[in-house]
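Undergrad: My questions will all concern the structure given below.
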Amino acid sequence: MSKQLVLMDHDGGVDDYLATMLLLTMDRVELLGVVVTPADCYVQPAVSATRKILDLMGFSHIPVAESTVRGINPFPYLYRRDSFVVDHLPILNQSETINTQLLSESGQDFMVRVLRQAAAPVTLMVTGPLTTVAVALDKAPDIEAKIQKIVWMGGALNVPGNVEKNWEPGQDGSAEWNVYWDPISAARVWESQIEIIMCPLDLTNNVPVTSELVQKMGQQRNYPISDLAGQCYALVIPQDYYFWDVLATAYLGHPEFYQLREWETEIITNGPSQGRTKVVPGGRKILAMDKVDKEAFYAYILQQWAR
C-alpha cells in the first residue's frame, strides 16, 4: 500500500508539537515537511522546538519552514509563551546542534513548492489557523488541484467557542481561536473546492487530557517520546485542556475510530461573532468529526508514543 503524502502546518502550541510527534509515528504516512505558522506561539522558539523534536525522533531529513503570514486577532501571550518552555525542555536539548534543516524560503512558498512537486495529491494536516494555506492558494491557485483534502482542527459548530469575552472584549463567545486569529483566511479556504474534514470543539470538548492519562505516560517514560509527551502535558494539566490537535491528527492514522457528519456552514468574518463557524442552510459543505471511540484513541496514543 502506498503511503499517504502529508504536509503538516502547525502553529506552535503545546498540542501542536504533540500532534507532530503522533504524525511521525504513523507508518502509512510520508511527511513531506512541517510549516510553522506564527499564531499560538512565538515563532522562533516554536521553529526551534519543532526541529529538535524531528531530531529526537530520527526524522532530521524532514525540512521545516517558517511561515511569515500574520493574523488579525493575536493569541494571548500567556498561551504563546509555552513555546519557550517546550523549546527549553531538557530532553530536547541533549545536543548542542540541530540537524533538521530550517529552510530559507517562507512556509507559504514551501507549501506551494511541495504541492507542485508532489507525485500525488497531498493531505494538509493543519492544527492552527488556515492563513498559510489561504496565502498559498492566492499565490498559486493551481495548487488547489494538488490538495487531496485538509484535515483541520478548528471551529465550533453547535457549541460555544473558546474565545472568551474576558480575553477579547466585544466578542460574543461563539468563535474558536484557530478561526478567530484570521477569519478572512478561513473564509478564503471555504471558497475553495477542497474537501475539508474538521475536528471542531463539538468533539474535542468530550476528549480531555486527564491526570490518569498523563500518569500512564509517566509509567512508560523510559520511552523518550512518552517522556516528552508527559512533560508537555504536565505543563498544561492545571488548565482545562483537551486533545485538540492530537485528536484531529489521529484521524490520519485511524479514521475508523471516527464518525463524520456533513454540515453546511459559513465563516463569520466581522462583528461580535467574527471567527464563528456557523451552520447555515445552503452553506459550504464540510465534514466534521462527530463522534470518536475515546478509549481506542487514548490507547492508540499511548501505544504510538511508546518509542
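Identifiers for the C-alpha cells are assigned positionally: chains receive A, B, ... in sequence, residues are indexed from 1 per chain, and ligands are indexed from 1 in the order shown.
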Which residues of segment 152-234 of chain A come within 12 Å of segment 46-55 of chain A, and for each one, what is the closest pair of atoms and their distance in Å to one decimal, counting only C-alpha atoms, sorted by chain and residue number, as JSON lines?

TA:
```
{"residue": "A:Pro224", "atom": "CA", "partner": "A:Ile53", "partner_atom": "CA", "distance": 10.6}
{"residue": "A:Ile225", "atom": "CA", "partner": "A:Ile53", "partner_atom": "CA", "distance": 9.2}
{"residue": "A:Leu228", "atom": "CA", "partner": "A:Ile53", "partner_atom": "CA", "distance": 9.2}
{"residue": "A:Ala229", "atom": "CA", "partner": "A:Ile53", "partner_atom": "CA", "distance": 10.9}
{"residue": "A:Cys232", "atom": "CA", "partner": "A:Ala49", "partner_atom": "CA", "distance": 11.9}
```

Undergrad: What are the DSSP helix (DSSP H, G or I) residues of segment 63-153 of chain A, as a CSV table (one decimal) with all heavy atoms, in the first residue's frame?

TA:
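Below you can see states-v5.csv, which holds the result:
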```csv
chain,number,residue,atom,x,y,z
A,77,TYR,N,-0.7,36.3,25.0
A,77,TYR,CA,0.7,36.0,25.2
A,77,TYR,C,0.9,34.8,26.2
A,77,TYR,O,1.9,34.1,26.1
A,77,TYR,CB,1.5,37.2,25.7
A,77,TYR,CG,1.4,37.5,27.1
A,77,TYR,CD1,2.3,37.1,28.0
A,77,TYR,CD2,0.4,38.3,27.6
A,77,TYR,CE1,2.3,37.3,29.4
A,77,TYR,CE2,0.3,38.6,29.0
A,77,TYR,CZ,1.2,38.1,29.9
A,77,TYR,OH,1.1,38.4,31.2
A,78,LEU,N,0.0,34.7,27.2
A,78,LEU,CA,0.1,33.6,28.1
A,78,LEU,C,0.0,32.2,27.4
A,78,LEU,O,0.6,31.3,27.9
A,78,LEU,CB,-1.0,33.7,29.2
A,78,LEU,CG,-0.9,34.8,30.2
A,78,LEU,CD1,-2.1,34.9,31.1
A,78,LEU,CD2,0.4,34.6,31.1
A,79,TYR,N,-0.8,32.2,26.3
A,79,TYR,CA,-0.8,30.9,25.5
A,79,TYR,C,0.5,30.8,24.8
A,79,TYR,O,1.1,29.7,24.7
A,79,TYR,CB,-1.9,30.9,24.5
A,79,TYR,CG,-3.3,31.0,25.0
A,79,TYR,CD1,-3.6,31.0,26.4
A,79,TYR,CD2,-4.4,31.0,24.1
A,79,TYR,CE1,-4.9,31.1,26.8
A,79,TYR,CE2,-5.7,31.1,24.6
A,79,TYR,CZ,-6.0,31.1,25.9
A,79,TYR,OH,-7.3,31.2,26.3
A,80,ARG,N,1.0,31.9,24.2
A,80,ARG,CA,2.1,31.8,23.2
A,80,ARG,C,3.4,31.5,23.9
A,80,ARG,O,4.3,30.9,23.3
A,80,ARG,CB,2.2,33.1,22.5
A,80,ARG,CG,0.9,33.4,21.6
A,80,ARG,CD,0.8,34.9,21.2
A,80,ARG,NE,2.0,35.2,20.4
A,80,ARG,CZ,2.4,36.5,20.2
A,80,ARG,NH1,1.9,37.5,20.9
A,80,ARG,NH2,3.4,36.7,19.4
A,82,ASP,N,4.3,29.4,26.0
A,82,ASP,CA,4.6,28.0,26.2
A,82,ASP,C,5.6,27.5,25.2
A,82,ASP,O,6.3,26.5,25.4
A,82,ASP,CB,3.3,27.1,26.0
A,82,ASP,CG,2.4,27.3,27.2
A,82,ASP,OD1,2.9,27.7,28.3
A,82,ASP,OD2,1.2,26.9,27.1
A,83,SER,N,5.7,28.2,24.0
A,83,SER,CA,6.7,27.7,23.0
A,83,SER,C,8.1,27.9,23.6
A,83,SER,O,9.0,27.0,23.2
A,83,SER,CB,6.5,28.6,21.7
A,83,SER,OG,6.6,30.0,22.0
A,84,PHE,N,8.4,28.8,24.4
A,84,PHE,CA,9.7,29.0,25.0
A,84,PHE,C,9.9,27.8,26.0
A,84,PHE,O,11.0,27.3,26.1
A,84,PHE,CB,9.8,30.3,25.8
A,84,PHE,CG,10.1,31.5,24.9
A,84,PHE,CD1,9.0,32.4,24.5
A,84,PHE,CD2,11.3,31.8,24.5
A,84,PHE,CE1,9.3,33.5,23.7
A,84,PHE,CE2,11.6,32.9,23.6
A,84,PHE,CZ,10.6,33.7,23.3
A,85,VAL,N,8.9,27.4,26.7
A,85,VAL,CA,9.1,26.4,27.7
A,85,VAL,C,9.4,25.1,27.0
A,85,VAL,O,10.4,24.4,27.4
A,85,VAL,CB,7.8,26.2,28.6
A,85,VAL,CG1,8.0,25.0,29.5
A,85,VAL,CG2,7.5,27.5,29.3
A,86,VAL,N,8.6,24.7,26.0
A,86,VAL,CA,8.9,23.4,25.3
A,86,VAL,C,10.3,23.4,24.7
A,86,VAL,O,11.0,22.4,24.7
A,86,VAL,CB,7.8,23.2,24.2
A,86,VAL,CG1,8.1,22.0,23.4
A,86,VAL,CG2,6.4,23.0,24.9
A,87,ASP,N,10.7,24.6,24.1
A,87,ASP,CA,12.0,24.6,23.4
A,87,ASP,C,13.1,24.4,24.4
A,87,ASP,O,14.2,24.1,24.1
A,87,ASP,CB,12.1,26.0,22.7
A,87,ASP,CG,13.4,26.0,21.9
A,87,ASP,OD1,13.7,25.1,21.2
A,87,ASP,OD2,14.1,27.1,21.9
A,90,PRO,N,14.7,19.8,28.9
A,90,PRO,CA,16.0,19.1,28.8
A,90,PRO,C,16.1,18.0,27.8
A,90,PRO,O,17.1,17.9,27.1
A,90,PRO,CB,16.1,18.5,30.3
A,90,PRO,CG,15.3,19.4,31.1
A,90,PRO,CD,14.1,19.8,30.3
A,91,ILE,N,15.0,17.2,27.6
A,91,ILE,CA,15.0,16.1,26.6
A,91,ILE,C,15.3,16.6,25.2
A,91,ILE,O,15.8,15.9,24.4
A,91,ILE,CB,13.8,15.3,26.7
A,91,ILE,CG1,14.0,13.9,26.0
A,91,ILE,CG2,12.6,16.0,26.2
A,91,ILE,CD1,12.8,12.9,26.3
A,92,LEU,N,14.9,17.9,24.9
A,92,LEU,CA,15.1,18.4,23.6
A,92,LEU,C,16.5,19.2,23.5
A,92,LEU,O,16.8,19.7,22.4
A,92,LEU,CB,14.0,19.4,23.2
A,92,LEU,CG,12.6,18.7,23.0
A,92,LEU,CD1,11.6,19.8,22.7
A,92,LEU,CD2,12.7,17.6,22.0
A,107,GLY,N,7.3,29.7,4.8
A,107,GLY,CA,6.4,28.5,4.8
A,107,GLY,C,5.4,28.5,3.7
A,107,GLY,O,5.0,27.4,3.2
A,108,GLN,N,4.8,29.6,3.4
A,108,GLN,CA,3.8,29.7,2.3
A,108,GLN,C,4.4,29.3,0.9
A,108,GLN,O,3.8,28.6,0.1
A,108,GLN,CB,3.1,31.0,2.3
A,108,GLN,CG,3.9,32.2,2.1
A,108,GLN,CD,4.4,32.8,3.5
A,108,GLN,OE1,4.6,32.1,4.4
A,108,GLN,NE2,4.4,34.2,3.5
A,109,ASP,N,5.7,29.8,0.7
A,109,ASP,CA,6.3,29.4,-0.6
A,109,ASP,C,6.7,27.9,-0.6
A,109,ASP,O,6.6,27.3,-1.6
A,109,ASP,CB,7.6,30.3,-0.8
A,109,ASP,CG,7.2,31.7,-1.1
A,109,ASP,OD1,6.1,32.0,-1.5
A,109,ASP,OD2,8.1,32.6,-1.0
A,110,PHE,N,7.1,27.4,0.6
A,110,PHE,CA,7.5,26.0,0.7
A,110,PHE,C,6.2,25.2,0.4
A,110,PHE,O,6.3,24.1,-0.3
A,110,PHE,CB,8.0,25.7,2.1
A,110,PHE,CG,8.2,24.3,2.4
A,110,PHE,CD1,9.1,23.5,1.6
A,110,PHE,CD2,7.6,23.7,3.5
A,110,PHE,CE1,9.3,22.1,1.9
A,110,PHE,CE2,7.8,22.3,3.8
A,110,PHE,CZ,8.7,21.6,3.0
A,111,MET,N,5.1,25.6,0.9
A,111,MET,CA,3.8,24.8,0.7
A,111,MET,C,3.5,24.8,-0.8
A,111,MET,O,3.2,23.7,-1.3
A,111,MET,CB,2.7,25.5,1.5
A,111,MET,CG,1.3,24.8,1.4
A,111,MET,SD,0.0,25.5,2.4
A,111,MET,CE,0.6,24.9,4.0
A,112,VAL,N,3.7,25.9,-1.5
A,112,VAL,CA,3.4,25.9,-2.9
A,112,VAL,C,4.4,24.9,-3.6
A,112,VAL,O,3.9,24.1,-4.5
A,112,VAL,CB,3.6,27.3,-3.5
A,112,VAL,CG1,3.6,27.3,-5.0
A,112,VAL,CG2,2.5,28.2,-2.9
A,113,ARG,N,5.6,25.0,-3.3
A,113,ARG,CA,6.6,24.2,-4.0
A,113,ARG,C,6.4,22.7,-3.7
A,113,ARG,O,6.4,21.9,-4.6
A,113,ARG,CB,8.0,24.5,-3.5
A,113,ARG,CG,9.1,23.7,-4.1
A,113,ARG,CD,10.5,24.3,-3.9
A,113,ARG,NE,10.9,24.3,-2.5
A,113,ARG,CZ,11.4,23.3,-1.8
A,113,ARG,NH1,11.6,22.1,-2.4
A,113,ARG,NH2,11.8,23.4,-0.5
A,114,VAL,N,6.1,22.3,-2.5
A,114,VAL,CA,5.8,20.9,-2.1
A,114,VAL,C,4.6,20.4,-2.9
A,114,VAL,O,4.7,19.3,-3.5
A,114,VAL,CB,5.7,20.7,-0.6
A,114,VAL,CG1,5.1,19.4,-0.3
A,114,VAL,CG2,7.0,20.9,0.1
A,115,LEU,N,3.6,21.2,-2.9
A,115,LEU,CA,2.4,20.7,-3.6
A,115,LEU,C,2.6,20.6,-5.1
A,115,LEU,O,2.2,19.6,-5.7
A,115,LEU,CB,1.2,21.7,-3.3
A,115,LEU,CG,0.7,21.6,-1.9
A,115,LEU,CD1,-0.3,22.8,-1.6
A,115,LEU,CD2,0.0,20.3,-1.6
A,116,ARG,N,3.3,21.5,-5.7
A,116,ARG,CA,3.5,21.4,-7.1
A,116,ARG,C,4.4,20.3,-7.5
A,116,ARG,O,4.3,19.6,-8.5
A,116,ARG,CB,4.2,22.7,-7.6
A,116,ARG,CG,3.2,23.9,-7.8
A,116,ARG,CD,3.9,25.2,-8.2
A,116,ARG,NE,2.9,26.2,-8.6
A,116,ARG,CZ,3.2,27.5,-8.8
A,116,ARG,NH1,4.4,27.9,-8.7
A,116,ARG,NH2,2.2,28.3,-9.2
A,117,GLN,N,5.4,19.9,-6.6
A,117,GLN,CA,6.3,18.9,-7.0
A,117,GLN,C,5.9,17.5,-6.5
A,117,GLN,O,6.5,16.5,-7.0
A,117,GLN,CB,7.7,19.2,-6.3
A,117,GLN,CG,8.4,20.4,-6.8
A,117,GLN,CD,9.7,20.7,-6.0
A,117,GLN,OE1,10.0,20.1,-5.0
A,117,GLN,NE2,10.5,21.7,-6.5
A,131,THR,N,-4.3,30.5,7.6
A,131,THR,CA,-3.8,31.6,6.9
A,131,THR,C,-2.7,31.2,5.9
A,131,THR,O,-2.7,31.7,4.8
A,131,THR,CB,-3.2,32.6,7.9
A,131,THR,OG1,-4.2,32.9,8.9
A,131,THR,CG2,-2.8,33.9,7.2
A,132,THR,N,-1.8,30.4,6.3
A,132,THR,CA,-0.7,29.9,5.4
A,132,THR,C,-1.3,29.3,4.2
A,132,THR,O,-0.9,29.5,3.0
A,132,THR,CB,0.3,29.0,6.1
A,132,THR,OG1,0.9,29.7,7.2
A,132,THR,CG2,1.4,28.6,5.2
A,133,VAL,N,-2.3,28.4,4.4
A,133,VAL,CA,-3.0,27.8,3.3
A,133,VAL,C,-3.6,28.8,2.4
A,133,VAL,O,-3.5,28.7,1.1
A,133,VAL,CB,-4.0,26.8,3.8
A,133,VAL,CG1,-4.7,26.1,2.6
A,133,VAL,CG2,-3.4,25.7,4.7
A,134,ALA,N,-4.3,29.8,2.9
A,134,ALA,CA,-5.0,30.8,2.1
A,134,ALA,C,-4.1,31.6,1.3
A,134,ALA,O,-4.3,31.9,0.1
A,134,ALA,CB,-5.9,31.7,3.0
A,135,VAL,N,-2.9,32.0,1.9
A,135,VAL,CA,-1.9,32.8,1.2
A,135,VAL,C,-1.3,32.0,0.1
A,135,VAL,O,-1.1,32.5,-1.0
A,135,VAL,CB,-0.9,33.3,2.2
A,135,VAL,CG1,0.3,33.9,1.4
A,135,VAL,CG2,-1.5,34.3,3.1
A,136,ALA,N,-1.1,30.7,0.4
A,136,ALA,CA,-0.5,29.8,-0.7
A,136,ALA,C,-1.5,29.7,-1.9
A,136,ALA,O,-1.1,29.7,-3.0
A,136,ALA,CB,-0.2,28.4,-0.1
A,137,LEU,N,-2.8,29.5,-1.6
A,137,LEU,CA,-3.8,29.4,-2.6
A,137,LEU,C,-3.9,30.7,-3.4
A,137,LEU,O,-4.0,30.7,-4.7
A,137,LEU,CB,-5.1,29.1,-2.0
A,137,LEU,CG,-5.3,27.7,-1.5
A,137,LEU,CD1,-6.6,27.6,-0.7
A,137,LEU,CD2,-5.4,26.7,-2.7
A,138,ASP,N,-3.7,31.8,-2.8
A,138,ASP,CA,-3.8,33.1,-3.5
A,138,ASP,C,-2.5,33.3,-4.4
A,138,ASP,O,-2.6,33.8,-5.5
A,138,ASP,CB,-3.9,34.3,-2.5
A,138,ASP,CG,-5.3,34.5,-2.0
A,138,ASP,OD1,-6.2,33.9,-2.6
A,138,ASP,OD2,-5.4,35.2,-1.0
A,139,LYS,N,-1.4,32.8,-3.9
A,139,LYS,CA,-0.1,33.0,-4.7
A,139,LYS,C,-0.1,32.0,-5.9
A,139,LYS,O,0.4,32.3,-6.9
A,139,LYS,CB,1.1,32.6,-3.8
A,139,LYS,CG,1.4,33.7,-2.7
A,139,LYS,CD,2.5,33.2,-1.8
A,139,LYS,CE,3.8,33.1,-2.4
A,139,LYS,NZ,4.5,34.4,-2.7
A,141,PRO,N,-3.0,29.6,-7.4
A,141,PRO,CA,-4.3,28.9,-7.4
A,141,PRO,C,-4.2,27.5,-8.0
A,141,PRO,O,-5.1,26.6,-7.6
A,141,PRO,CB,-5.1,29.8,-8.3
A,141,PRO,CG,-4.5,31.1,-8.2
A,141,PRO,CD,-3.0,30.9,-8.1
A,142,ASP,N,-3.2,27.1,-8.8
A,142,ASP,CA,-3.1,25.8,-9.4
A,142,ASP,C,-2.9,24.7,-8.3
A,142,ASP,O,-3.2,23.5,-8.6
A,142,ASP,CB,-2.0,25.8,-10.4
A,142,ASP,CG,-0.6,26.1,-9.8
A,142,ASP,OD1,-0.4,27.3,-9.5
A,142,ASP,OD2,0.2,25.2,-9.6
A,143,ILE,N,-2.4,25.1,-7.1
A,143,ILE,CA,-2.1,24.0,-6.1
A,143,ILE,C,-3.4,23.4,-5.5
A,143,ILE,O,-3.3,22.4,-4.9
A,143,ILE,CB,-1.2,24.6,-5.0
A,143,ILE,CG1,-2.0,25.7,-4.2
A,143,ILE,CG2,0.1,25.0,-5.5
A,143,ILE,CD1,-1.2,26.1,-2.9
A,144,GLU,N,-4.5,24.1,-5.8
A,144,GLU,CA,-5.8,23.5,-5.2
A,144,GLU,C,-6.0,22.1,-5.7
A,144,GLU,O,-6.4,21.2,-5.0
A,144,GLU,CB,-7.0,24.4,-5.6
A,144,GLU,CG,-8.3,23.9,-5.0
A,144,GLU,CD,-9.4,24.9,-5.2
A,144,GLU,OE1,-9.2,26.1,-5.2
A,144,GLU,OE2,-10.6,24.4,-5.2
A,145,ALA,N,-5.6,21.9,-7.0
A,145,ALA,CA,-5.8,20.5,-7.6
A,145,ALA,C,-4.9,19.5,-7.0
A,145,ALA,O,-5.1,18.3,-7.1
A,145,ALA,CB,-5.6,20.6,-9.1
A,146,LYS,N,-3.8,19.9,-6.3
A,146,LYS,CA,-2.9,19.0,-5.7
A,146,LYS,C,-3.1,18.7,-4.2
A,146,LYS,O,-2.4,18.0,-3.6
A,146,LYS,CB,-1.4,19.6,-5.9
A,146,LYS,CG,-1.0,19.7,-7.3
A,146,LYS,CD,-0.9,18.3,-8.0
A,146,LYS,CE,0.2,17.4,-7.4
A,146,LYS,NZ,1.6,17.8,-7.8
```

Undergrad: Taking only residues of segment 170-237 of chain A that have an atom at most 8 Å from an atom of segment 274-294 of chain A, what is each one's shortest atom pair and its distance in Å to one decimal, using only C-alpha atoms, in chain and number order, as a Markdown table?

TA:
```
| residue | atom | partner | partner_atom | distance |
| --- | --- | --- | --- | --- |
| A:Gln171 | CA | A:Gln274 | CA | 7.6 |
| A:Ser174 | CA | A:Arg276 | CA | 5.5 |
| A:Ala175 | CA | A:Arg276 | CA | 4.2 |
| A:Glu176 | CA | A:Gly275 | CA | 6.4 |
| A:Trp177 | CA | A:Gly275 | CA | 7.4 |
| A:Val179 | CA | A:Gly275 | CA | 4.8 |
| A:Tyr180 | CA | A:Gly275 | CA | 3.9 |
| A:Trp181 | CA | A:Gly275 | CA | 7.5 |
| A:Asp182 | CA | A:Gly275 | CA | 7.4 |
| A:Pro183 | CA | A:Gly275 | CA | 5.1 |
| A:Trp190 | CA | A:Arg284 | CA | 6.8 |
| A:Glu191 | CA | A:Arg284 | CA | 7.9 |
| A:Glu195 | CA | A:Ile286 | CA | 7.0 |
| A:Ile196 | CA | A:Ile286 | CA | 5.4 |
| A:Ile197 | CA | A:Leu287 | CA | 4.8 |
| A:Met198 | CA | A:Ala288 | CA | 4.6 |
| A:Cys199 | CA | A:Met289 | CA | 5.2 |
| A:Pro200 | CA | A:Ala288 | CA | 6.9 |
| A:Asp202 | CA | A:Asp290 | CA | 7.4 |
| A:Leu203 | CA | A:Asp290 | CA | 6.0 |
| A:Val207 | CA | A:Lys294 | CA | 6.9 |
```

Undergrad: Given the selection you just returned, output its residues as a file containing N, CA, C and O atoms, formatted as a short mmCIF file (atom, residue, chain, number, x, y, z; two decimals), in the first residue's frame.

TA:
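Saved the output as part-v7.cif:
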```cif
data_model
loop_
_atom_site.label_atom_id
_atom_site.label_comp_id
_atom_site.auth_asym_id
_atom_site.auth_seq_id
_atom_site.Cartn_x
_atom_site.Cartn_y
_atom_site.Cartn_z
N GLN A 171 -16.52 40.48 21.85
CA GLN A 171 -16.87 39.26 21.13
C GLN A 171 -17.95 38.50 21.90
O GLN A 171 -18.07 38.63 23.12
N SER A 174 -18.68 33.00 20.47
CA SER A 174 -19.02 31.93 19.52
C SER A 174 -17.84 31.45 18.70
O SER A 174 -17.93 30.42 18.02
N ALA A 175 -16.73 32.17 18.74
CA ALA A 175 -15.59 31.86 17.87
C ALA A 175 -14.64 30.87 18.51
O ALA A 175 -14.47 30.83 19.73
N GLU A 176 -13.97 30.11 17.65
CA GLU A 176 -12.88 29.23 18.07
C GLU A 176 -11.58 29.89 17.63
O GLU A 176 -11.52 30.51 16.57
N TRP A 177 -10.52 29.74 18.43
CA TRP A 177 -9.31 30.55 18.24
C TRP A 177 -8.65 30.38 16.87
O TRP A 177 -8.16 31.34 16.29
N VAL A 179 -9.94 29.93 14.07
CA VAL A 179 -10.68 30.71 13.08
C VAL A 179 -10.54 32.19 13.40
O VAL A 179 -10.30 33.03 12.52
N TYR A 180 -10.65 32.52 14.68
CA TYR A 180 -10.67 33.92 15.11
C TYR A 180 -9.36 34.63 14.81
O TYR A 180 -9.35 35.83 14.51
N TRP A 181 -8.24 33.92 14.86
CA TRP A 181 -6.94 34.55 14.58
C TRP A 181 -6.95 35.22 13.21
O TRP A 181 -6.37 36.27 13.03
N ASP A 182 -7.65 34.60 12.26
CA ASP A 182 -7.72 35.16 10.91
C ASP A 182 -8.95 34.63 10.19
O ASP A 182 -8.85 33.74 9.34
N PRO A 183 -10.13 35.15 10.51
CA PRO A 183 -11.35 34.65 9.86
C PRO A 183 -11.39 34.92 8.36
O PRO A 183 -12.03 34.17 7.62
N TRP A 190 -12.64 28.41 2.62
CA TRP A 190 -14.03 27.96 2.45
C TRP A 190 -14.51 28.19 1.00
O TRP A 190 -15.39 27.48 0.53
N GLU A 191 -13.93 29.17 0.32
CA GLU A 191 -14.33 29.45 -1.06
C GLU A 191 -13.78 28.42 -2.04
O GLU A 191 -14.24 28.34 -3.19
N GLU A 195 -11.83 19.35 -0.22
CA GLU A 195 -12.54 18.64 0.84
C GLU A 195 -11.95 19.04 2.19
O GLU A 195 -10.73 19.02 2.38
N ILE A 196 -12.81 19.43 3.12
CA ILE A 196 -12.38 19.82 4.46
C ILE A 196 -13.00 18.87 5.47
O ILE A 196 -14.22 18.67 5.50
N ILE A 197 -12.14 18.29 6.29
CA ILE A 197 -12.59 17.45 7.41
C ILE A 197 -12.17 18.15 8.69
O ILE A 197 -10.98 18.27 8.99
N MET A 198 -13.14 18.66 9.42
CA MET A 198 -12.89 19.45 10.62
C MET A 198 -12.93 18.59 11.87
O MET A 198 -13.72 17.65 11.98
N CYS A 199 -12.10 18.96 12.83
CA CYS A 199 -12.21 18.43 14.18
C CYS A 199 -12.61 19.60 15.06
O CYS A 199 -11.76 20.35 15.55
N PRO A 200 -13.92 19.83 15.27
CA PRO A 200 -14.37 21.03 15.98
C PRO A 200 -14.43 20.83 17.49
O PRO A 200 -14.28 19.71 18.00
N ASP A 202 -16.93 20.78 19.20
CA ASP A 202 -18.05 19.88 19.49
C ASP A 202 -17.55 18.50 19.90
O ASP A 202 -18.14 17.84 20.77
N LEU A 203 -16.46 18.05 19.25
CA LEU A 203 -15.89 16.74 19.57
C LEU A 203 -14.81 16.85 20.63
O LEU A 203 -14.80 16.08 21.60
N VAL A 207 -13.11 15.05 24.91
CA VAL A 207 -11.88 14.23 24.99
C VAL A 207 -10.81 15.03 25.75
O VAL A 207 -9.90 15.60 25.16
#
```

Undergrad: Using only C-alpha atoms, which of A:Asp15, A:Asp27, A:Glu105, A:Glu256 sits nearest Tyr241 of chain A?

TA: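 Once distances to Tyr241 of chain A are computed over only C-alpha atoms, the minimum belongs to A:Asp15.
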
Undergrad: Write out, as JSON lines, each residue of segment 89-155 of chain A that has an atom at most 12 Å from segment 244-248 of chain A, together with the closest pair of atoms and their distance in Å to one decimal, counting only C-alpha atoms, rows going by chain and rising number.

TA:
```
{"residue": "A:Leu124", "atom": "CA", "partner": "A:Ala248", "partner_atom": "CA", "distance": 11.8}
{"residue": "A:Met125", "atom": "CA", "partner": "A:Ala248", "partner_atom": "CA", "distance": 8.5}
{"residue": "A:Val126", "atom": "CA", "partner": "A:Asp245", "partner_atom": "CA", "distance": 8.5}
{"residue": "A:Thr127", "atom": "CA", "partner": "A:Asp245", "partner_atom": "CA", "distance": 5.5}
{"residue": "A:Gly128", "atom": "CA", "partner": "A:Asp245", "partner_atom": "CA", "distance": 8.4}
{"residue": "A:Pro129", "atom": "CA", "partner": "A:Asp245", "partner_atom": "CA", "distance": 11.7}
{"residue": "A:Ile150", "atom": "CA", "partner": "A:Ala248", "partner_atom": "CA", "distance": 10.9}
{"residue": "A:Val151", "atom": "CA", "partner": "A:Ala248", "partner_atom": "CA", "distance": 7.2}
{"residue": "A:Trp152", "atom": "CA", "partner": "A:Ala248", "partner_atom": "CA", "distance": 6.7}
{"residue": "A:Met153", "atom": "CA", "partner": "A:Ala248", "partner_atom": "CA", "distance": 5.6}
{"residue": "A:Gly154", "atom": "CA", "partner": "A:Trp244", "partner_atom": "CA", "distance": 8.4}
{"residue": "A:Gly155", "atom": "CA", "partner": "A:Trp244", "partner_atom": "CA", "distance": 10.9}
```

Undergrad: Write out, as a compact mmCIF listing (two decimals), in the first residue's frame, the residues just selected, with N, CA, C and O atoms.

TA:
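Dumped everything to out_24.txt:
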```txt
# COMPACT_ATOMS: atom_id res chain seq x y z
N LEU A 124 -3.25 18.07 3.60
CA LEU A 124 -2.75 19.10 4.50
C LEU A 124 -3.30 18.82 5.90
O LEU A 124 -4.51 18.82 6.10
N MET A 125 -2.39 18.59 6.84
CA MET A 125 -2.77 18.40 8.23
C MET A 125 -2.53 19.72 8.93
O MET A 125 -1.38 20.11 9.18
N VAL A 126 -3.60 20.45 9.23
CA VAL A 126 -3.49 21.82 9.74
C VAL A 126 -4.04 21.85 11.17
O VAL A 126 -5.21 21.55 11.40
N THR A 127 -3.19 22.24 12.11
CA THR A 127 -3.61 22.30 13.51
C THR A 127 -3.57 23.72 14.06
O THR A 127 -3.64 23.91 15.28
N GLY A 128 -3.48 24.68 13.18
CA GLY A 128 -3.55 26.09 13.56
C GLY A 128 -4.47 26.82 12.60
O GLY A 128 -5.26 26.20 11.89
N PRO A 129 -4.39 28.14 12.54
CA PRO A 129 -5.20 28.90 11.59
C PRO A 129 -4.89 28.51 10.15
O PRO A 129 -3.82 27.97 9.83
N ILE A 150 -8.04 18.73 3.33
CA ILE A 150 -7.49 19.41 4.50
C ILE A 150 -8.14 18.79 5.73
O ILE A 150 -9.38 18.76 5.85
N VAL A 151 -7.32 18.25 6.61
CA VAL A 151 -7.80 17.79 7.92
C VAL A 151 -7.40 18.89 8.90
O VAL A 151 -6.21 19.20 9.04
N TRP A 152 -8.39 19.47 9.56
CA TRP A 152 -8.15 20.71 10.29
C TRP A 152 -8.77 20.67 11.67
O TRP A 152 -9.94 20.34 11.84
N MET A 153 -7.96 21.02 12.69
CA MET A 153 -8.51 21.26 14.00
C MET A 153 -8.94 22.71 14.06
O MET A 153 -8.12 23.63 14.02
N GLY A 154 -10.25 22.92 14.13
CA GLY A 154 -10.74 24.29 14.20
C GLY A 154 -12.25 24.32 14.19
O GLY A 154 -12.92 23.36 13.81
N GLY A 155 -12.79 25.44 14.63
CA GLY A 155 -14.22 25.68 14.54
C GLY A 155 -15.02 25.14 15.72
O GLY A 155 -14.56 24.29 16.48
```

Undergrad: Measuring atom to atom with only C-alpha atoms, identify which of A:Ile237, A:Ile184, A:Leu7, A:Ile268 is nearest to Gly71 of chain A.

TA: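 Checking each candidate against Gly71 of chain A, we get A:Ile184 as the closest.
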
Undergrad: Using only C-alpha atoms, which residue out of A:Val43, A:Leu103, A:Leu56, A:Ala156 lies closest to Tyr223 of chain A?

TA: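 Smallest distance to Tyr223 of chain A is found for A:Leu56.
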
Undergrad: Contacts of Gly170 of chain A at 10 Å or less, counting only C-alpha atoms, minus same-chain residues fewer than 5 places along, as a list in words?

TA: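 Counting only C-alpha atoms, the residues come to Glu164, Lys165, Gly271, Pro272 and Ser273 of chain A.
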
Undergrad: Would you please extract all strand (DSSP E) residues from segment 52-288 of chain A, as assigned by DSSP on the backbone, and give them as a ChimeraX atom specification?

TA: /A:64-66,122-126,147-153,196-199,258-267,277-279,284-288

Undergrad: Could you please determine the separation between atom CA of Ser226 of chain A and atom CA of Tyr258 of chain A in Å, to one decimal place?

TA: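 Distance reported for this atom pair: 24.0 Å.
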
Undergrad: When you draw a straight line from atom CA of Val64 of chain A to atom CA of Asn222 of chain A, how long is it in Å?

TA: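 These two atoms are separated by 27.7 Å.
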
Undergrad: Measuring between only C-alpha atoms, which one of A:Asp240, A:Glu295, A:Glu264, A:Asp16 shows the shortest distance to Thr210 of chain A?

TA: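 Result for the nearest residue to Thr210 of chain A: A:Asp240.
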